[in-house]
Amino acid sequence: MAMREIRTIPDPVLRTPCDEITKVDDRVRSLVADLVETVDHEGRAGLAANQIGVSLRAFSWNIDDEIGYVLNPRIVELSEDEYQDGDEGCLSVPNLWYPTTRAWYAKVVGTDLDGGTVEVEGTELMARCLQHECDHLDGMLYLDRLDRSVRKKAMKELRAQL
(Lines give C-alpha, C1' and ligand atoms only; values in the text may rest on other atoms or scores of the structure.)
Protein backbone atom coordinates (compact mmCIF):
# COMPACT_ATOMS: atom_id res chain seq x y z
CA MET A 1 0.00 0.00 0.00
CA ALA A 2 1.11 3.48 -0.74
CA MET A 3 -0.24 6.98 -0.54
CA ARG A 4 -0.26 8.02 -4.19
CA GLU A 5 0.17 11.46 -5.75
CA ILE A 6 -3.05 12.92 -7.15
CA ARG A 7 -2.88 13.84 -10.82
CA THR A 8 -4.25 17.28 -11.57
CA ILE A 9 -5.61 19.00 -14.63
CA PRO A 10 -4.22 19.25 -17.38
CA ASP A 11 -2.75 15.71 -17.02
CA PRO A 12 -4.10 13.79 -20.07
CA VAL A 13 -4.80 10.64 -18.02
CA LEU A 14 -7.77 12.50 -16.52
CA ARG A 15 -9.35 12.87 -19.96
CA THR A 16 -8.77 9.28 -21.06
CA PRO A 17 -11.59 6.74 -20.60
CA CYS A 18 -10.38 3.90 -18.39
CA ASP A 19 -10.16 0.26 -19.44
CA GLU A 20 -12.29 -2.50 -17.94
CA ILE A 21 -10.50 -4.74 -15.46
CA THR A 22 -10.55 -8.20 -17.07
CA LYS A 23 -8.32 -10.04 -14.62
CA VAL A 24 -7.74 -9.48 -10.92
CA ASP A 25 -4.01 -9.91 -10.37
CA ASP A 26 -1.40 -8.46 -8.03
CA ARG A 27 -1.41 -5.18 -9.98
CA VAL A 28 -5.15 -4.73 -9.43
CA ARG A 29 -4.89 -5.75 -5.76
CA SER A 30 -2.12 -3.20 -5.29
CA LEU A 31 -4.20 -0.55 -7.09
CA VAL A 32 -7.15 -1.13 -4.74
CA ALA A 33 -4.89 -0.94 -1.67
CA ASP A 34 -3.45 2.35 -2.95
CA LEU A 35 -6.91 3.77 -3.77
CA VAL A 36 -8.16 2.94 -0.29
CA GLU A 37 -5.09 4.34 1.46
CA THR A 38 -5.03 7.50 -0.66
CA VAL A 39 -8.74 8.28 -0.11
CA ASP A 40 -8.43 7.74 3.65
CA HIS A 41 -7.74 11.38 4.51
CA GLU A 42 -9.92 14.22 5.73
CA GLY A 43 -11.61 16.11 2.94
CA ARG A 44 -11.48 13.22 0.47
CA ALA A 45 -14.80 11.70 -0.56
CA GLY A 46 -13.76 9.65 -3.58
CA LEU A 47 -10.84 8.76 -5.79
CA ALA A 48 -10.79 7.22 -9.27
CA ALA A 49 -7.86 5.13 -10.51
CA ASN A 50 -6.95 7.61 -13.26
CA GLN A 51 -6.54 10.30 -10.59
CA ILE A 52 -3.48 8.34 -9.45
CA GLY A 53 -2.32 7.67 -13.01
CA VAL A 54 -3.85 4.22 -13.64
CA SER A 55 -6.29 3.91 -16.53
CA LEU A 56 -8.39 1.09 -15.07
CA ARG A 57 -12.06 1.20 -14.07
CA ALA A 58 -11.87 1.32 -10.27
CA PHE A 59 -12.58 3.86 -7.57
CA SER A 60 -12.65 4.17 -3.80
CA TRP A 61 -14.85 6.26 -1.52
CA ASN A 62 -14.68 7.71 1.97
CA ILE A 63 -18.17 8.84 2.98
CA ASP A 64 -19.58 9.03 6.53
CA ASP A 65 -16.65 7.06 8.00
CA GLU A 66 -17.13 4.23 5.48
CA ILE A 67 -14.30 3.45 3.09
CA GLY A 68 -14.82 1.11 0.18
CA TYR A 69 -13.97 0.40 -3.44
CA VAL A 70 -15.58 -1.00 -6.56
CA LEU A 71 -14.11 -2.44 -9.75
CA ASN A 72 -15.75 -1.91 -13.16
CA PRO A 73 -18.55 0.26 -11.73
CA ARG A 74 -21.64 1.05 -13.77
CA ILE A 75 -24.36 3.46 -12.79
CA VAL A 76 -27.55 1.42 -12.93
CA GLU A 77 -30.00 3.82 -11.34
CA LEU A 78 -30.37 7.57 -10.83
CA SER A 79 -33.28 9.47 -9.37
CA GLU A 80 -35.18 11.04 -12.24
CA ASP A 81 -37.23 13.59 -10.34
CA GLU A 82 -34.93 14.70 -7.54
CA TYR A 83 -31.71 16.60 -8.08
CA GLN A 84 -29.08 18.37 -6.04
CA ASP A 85 -27.08 21.38 -7.18
CA GLY A 86 -24.62 22.07 -4.40
CA ASP A 87 -21.00 23.03 -4.81
CA GLU A 88 -18.72 20.28 -6.05
CA GLY A 89 -14.94 20.09 -6.04
CA CYS A 90 -12.32 17.63 -7.17
CA LEU A 91 -8.88 16.58 -5.97
CA SER A 92 -7.70 16.82 -9.59
CA VAL A 93 -9.03 20.37 -9.92
CA PRO A 94 -7.71 21.83 -6.65
CA ASN A 95 -9.27 24.81 -4.89
CA LEU A 96 -12.22 25.24 -7.26
CA TRP A 97 -15.79 24.58 -6.10
CA TYR A 98 -18.82 25.18 -8.31
CA PRO A 99 -22.53 24.34 -8.22
CA THR A 100 -22.97 21.09 -10.12
CA THR A 101 -26.30 19.43 -10.78
CA ARG A 102 -26.40 15.73 -9.91
CA ALA A 103 -29.12 13.20 -9.28
CA TRP A 104 -30.20 13.08 -5.62
CA TYR A 105 -29.92 9.25 -5.59
CA ALA A 106 -27.48 6.97 -7.41
CA LYS A 107 -26.77 3.25 -7.50
CA VAL A 108 -23.60 1.67 -8.87
CA VAL A 109 -22.95 -2.01 -9.54
CA GLY A 110 -19.51 -3.54 -10.00
CA THR A 111 -17.30 -6.22 -8.51
CA ASP A 112 -14.83 -6.73 -5.69
CA LEU A 113 -11.38 -8.34 -5.78
CA ASP A 114 -12.93 -11.81 -5.45
CA GLY A 115 -15.29 -11.30 -8.39
CA GLY A 116 -18.32 -10.84 -6.15
CA THR A 117 -21.00 -8.32 -7.00
CA VAL A 118 -20.77 -4.96 -5.26
CA GLU A 119 -23.78 -2.64 -5.09
CA VAL A 120 -23.24 0.84 -3.72
CA GLU A 121 -26.08 3.31 -3.42
CA GLY A 122 -26.86 6.49 -1.64
CA THR A 123 -28.30 9.95 -1.60
CA GLU A 124 -26.79 13.40 -1.33
CA LEU A 125 -22.98 13.19 -0.87
CA MET A 126 -22.76 9.44 -1.63
CA ALA A 127 -24.84 9.88 -4.78
CA ARG A 128 -22.68 12.83 -5.83
CA CYS A 129 -19.52 10.80 -5.19
CA LEU A 130 -20.72 7.79 -7.22
CA GLN A 131 -21.62 9.98 -10.19
CA HIS A 132 -18.42 12.05 -9.92
CA GLU A 133 -16.12 9.00 -9.79
CA CYS A 134 -17.88 7.20 -12.65
CA ASP A 135 -17.47 10.38 -14.70
CA HIS A 136 -13.72 10.26 -13.97
CA LEU A 137 -13.55 6.70 -15.29
CA ASP A 138 -15.18 7.92 -18.51
CA GLY A 139 -12.57 10.71 -18.87
CA MET A 140 -14.89 13.48 -17.65
CA LEU A 141 -14.38 16.12 -15.00
CA TYR A 142 -17.12 17.85 -13.04
CA LEU A 143 -16.20 21.03 -14.93
CA ASP A 144 -17.73 19.43 -18.03
CA ARG A 145 -21.13 19.35 -16.28
CA LEU A 146 -21.22 23.01 -15.30
CA ASP A 147 -23.70 25.43 -16.84
CA ARG A 148 -22.06 27.33 -19.68
CA SER A 149 -21.63 30.66 -17.86
CA VAL A 150 -20.32 28.97 -14.71
CA ARG A 151 -17.96 26.79 -16.76
CA LYS A 152 -16.56 29.90 -18.45
CA LYS A 153 -15.82 31.42 -15.04
CA ALA A 154 -14.32 28.14 -13.78
CA MET A 155 -12.03 27.80 -16.79
CA LYS A 156 -10.83 31.39 -16.34
CA GLU A 157 -9.98 30.67 -12.68
CA LEU A 158 -8.33 27.39 -13.65
CA ARG A 159 -6.13 29.07 -16.28
CA ALA A 160 -5.08 31.64 -13.67
CA GLN A 161 -3.88 28.79 -11.42
CA LEU A 162 -1.86 26.99 -14.10
# chains A, B, ... in the order shown; residues from 1 in each chain; ligands from 1
call {"tool": "residues_around", "arguments": {"residues": "range 131-139 of chain A", "least_positions_apart": "3", "cutoff": "6 Å", "atoms": "only C-alpha atoms", "output": "PyMOL selection string"}}
result
chain A and resi 14-18+48+57+128
call {"tool": "write_last_selection", "arguments": {"atoms": "all heavy atoms", "output": "mmCIF file, in the first residue's frame"}}
result
data_model
loop_
_atom_site.group_PDB
_atom_site.id
_atom_site.type_symbol
_atom_site.label_atom_id
_atom_site.label_comp_id
_atom_site.auth_asym_id
_atom_site.auth_seq_id
_atom_site.Cartn_x
_atom_site.Cartn_y
_atom_site.Cartn_z
ATOM 1 N N LEU A 14 -6.451 12.154 -17.048
ATOM 2 C CA LEU A 14 -7.765 12.503 -16.517
ATOM 3 C C LEU A 14 -8.832 12.588 -17.600
ATOM 4 O O LEU A 14 -10.022 12.515 -17.307
ATOM 5 C CB LEU A 14 -7.688 13.838 -15.768
ATOM 6 C CG LEU A 14 -6.765 13.855 -14.560
ATOM 7 C CD1 LEU A 14 -6.587 15.278 -14.046
ATOM 8 C CD2 LEU A 14 -7.290 12.938 -13.460
ATOM 9 N N ARG A 15 -8.416 12.748 -18.837
ATOM 10 C CA ARG A 15 -9.345 12.873 -19.962
ATOM 11 C C ARG A 15 -9.435 11.596 -20.796
ATOM 12 O O ARG A 15 -10.089 11.577 -21.841
ATOM 13 C CB ARG A 15 -8.920 14.035 -20.861
ATOM 14 C CG ARG A 15 -9.046 15.389 -20.195
ATOM 15 C CD ARG A 15 -10.455 15.658 -19.841
ATOM 16 N NE ARG A 15 -10.679 17.067 -19.510
ATOM 17 C CZ ARG A 15 -11.882 17.555 -19.341
ATOM 18 N NH1 ARG A 15 -12.943 16.810 -19.478
ATOM 19 N NH2 ARG A 15 -12.041 18.817 -19.017
ATOM 20 N N THR A 16 -8.798 10.539 -20.331
ATOM 21 C CA THR A 16 -8.773 9.282 -21.064
ATOM 22 C C THR A 16 -9.731 8.287 -20.420
ATOM 23 O O THR A 16 -9.598 7.996 -19.225
ATOM 24 C CB THR A 16 -7.347 8.689 -21.053
ATOM 25 O OG1 THR A 16 -6.440 9.664 -21.584
ATOM 26 C CG2 THR A 16 -7.273 7.414 -21.870
ATOM 27 N N PRO A 17 -10.706 7.767 -21.171
ATOM 28 C CA PRO A 17 -11.586 6.743 -20.602
ATOM 29 C C PRO A 17 -10.766 5.534 -20.139
ATOM 30 O O PRO A 17 -9.829 5.109 -20.808
ATOM 31 C CB PRO A 17 -12.517 6.369 -21.759
ATOM 32 C CG PRO A 17 -12.511 7.584 -22.648
ATOM 33 C CD PRO A 17 -11.108 8.136 -22.536
ATOM 34 N N CYS A 18 -11.131 5.005 -18.989
ATOM 35 C CA CYS A 18 -10.382 3.905 -18.386
ATOM 36 C C CYS A 18 -10.824 2.555 -18.955
ATOM 37 O O CYS A 18 -11.970 2.381 -19.370
ATOM 38 C CB CYS A 18 -10.580 3.908 -16.871
ATOM 39 S SG CYS A 18 -9.878 5.367 -16.085
ATOM 40 N N ALA A 48 -10.789 8.129 -8.121
ATOM 41 C CA ALA A 48 -10.786 7.218 -9.270
ATOM 42 C C ALA A 48 -9.351 6.834 -9.616
ATOM 43 O O ALA A 48 -8.412 7.596 -9.371
ATOM 44 C CB ALA A 48 -11.457 7.885 -10.462
ATOM 45 N N ARG A 57 -10.759 0.834 -14.623
ATOM 46 C CA ARG A 57 -12.064 1.202 -14.065
ATOM 47 C C ARG A 57 -12.181 0.731 -12.619
ATOM 48 O O ARG A 57 -12.642 -0.374 -12.348
ATOM 49 C CB ARG A 57 -13.193 0.644 -14.919
ATOM 50 C CG ARG A 57 -13.233 1.306 -16.297
ATOM 51 C CD ARG A 57 -14.484 0.979 -17.051
ATOM 52 N NE ARG A 57 -15.651 1.636 -16.479
ATOM 53 C CZ ARG A 57 -16.022 2.881 -16.708
ATOM 54 N NH1 ARG A 57 -15.285 3.649 -17.503
ATOM 55 N NH2 ARG A 57 -17.092 3.393 -16.159
ATOM 56 N N ARG A 128 -23.570 11.917 -5.106
ATOM 57 C CA ARG A 128 -22.676 12.826 -5.830
ATOM 58 C C ARG A 128 -21.340 12.149 -6.083
ATOM 59 O O ARG A 128 -20.781 12.211 -7.180
ATOM 60 C CB ARG A 128 -22.488 14.120 -5.042
ATOM 61 C CG ARG A 128 -21.644 15.166 -5.769
ATOM 62 C CD ARG A 128 -21.539 16.460 -4.975
ATOM 63 N NE ARG A 128 -22.807 17.159 -4.860
ATOM 64 C CZ ARG A 128 -23.337 17.922 -5.815
ATOM 65 N NH1 ARG A 128 -22.697 18.073 -6.965
ATOM 66 N NH2 ARG A 128 -24.488 18.546 -5.624
#
call {"tool": "residues_around", "arguments": {"residues": "range 67-75 of chain A", "least_positions_apart": "2", "cutoff": "6 Å", "atoms": "only C-alpha atoms", "output": "JSON, numbers by chain"}}
result
{"A": [20, 57, 58, 59, 60, 61, 62, 77, 107, 108, 109, 110, 111, 112]}
call {"tool": "closest_residue", "arguments": {"among": "A:Val93, A:Ala154, A:Met3, A:Trp104", "to": "Val32 in chain A", "atoms": "only C-alpha atoms"}}
result
A:Met3
call {"tool": "select_by_dssp", "arguments": {"residues": "range 105-138 of chain A", "states": "strand (DSSP E or B)", "output": "JSON, numbers by chain"}}
result
{"A": [105, 106, 107, 108, 109, 110, 111, 117, 118, 119, 120, 121, 122, 123]}
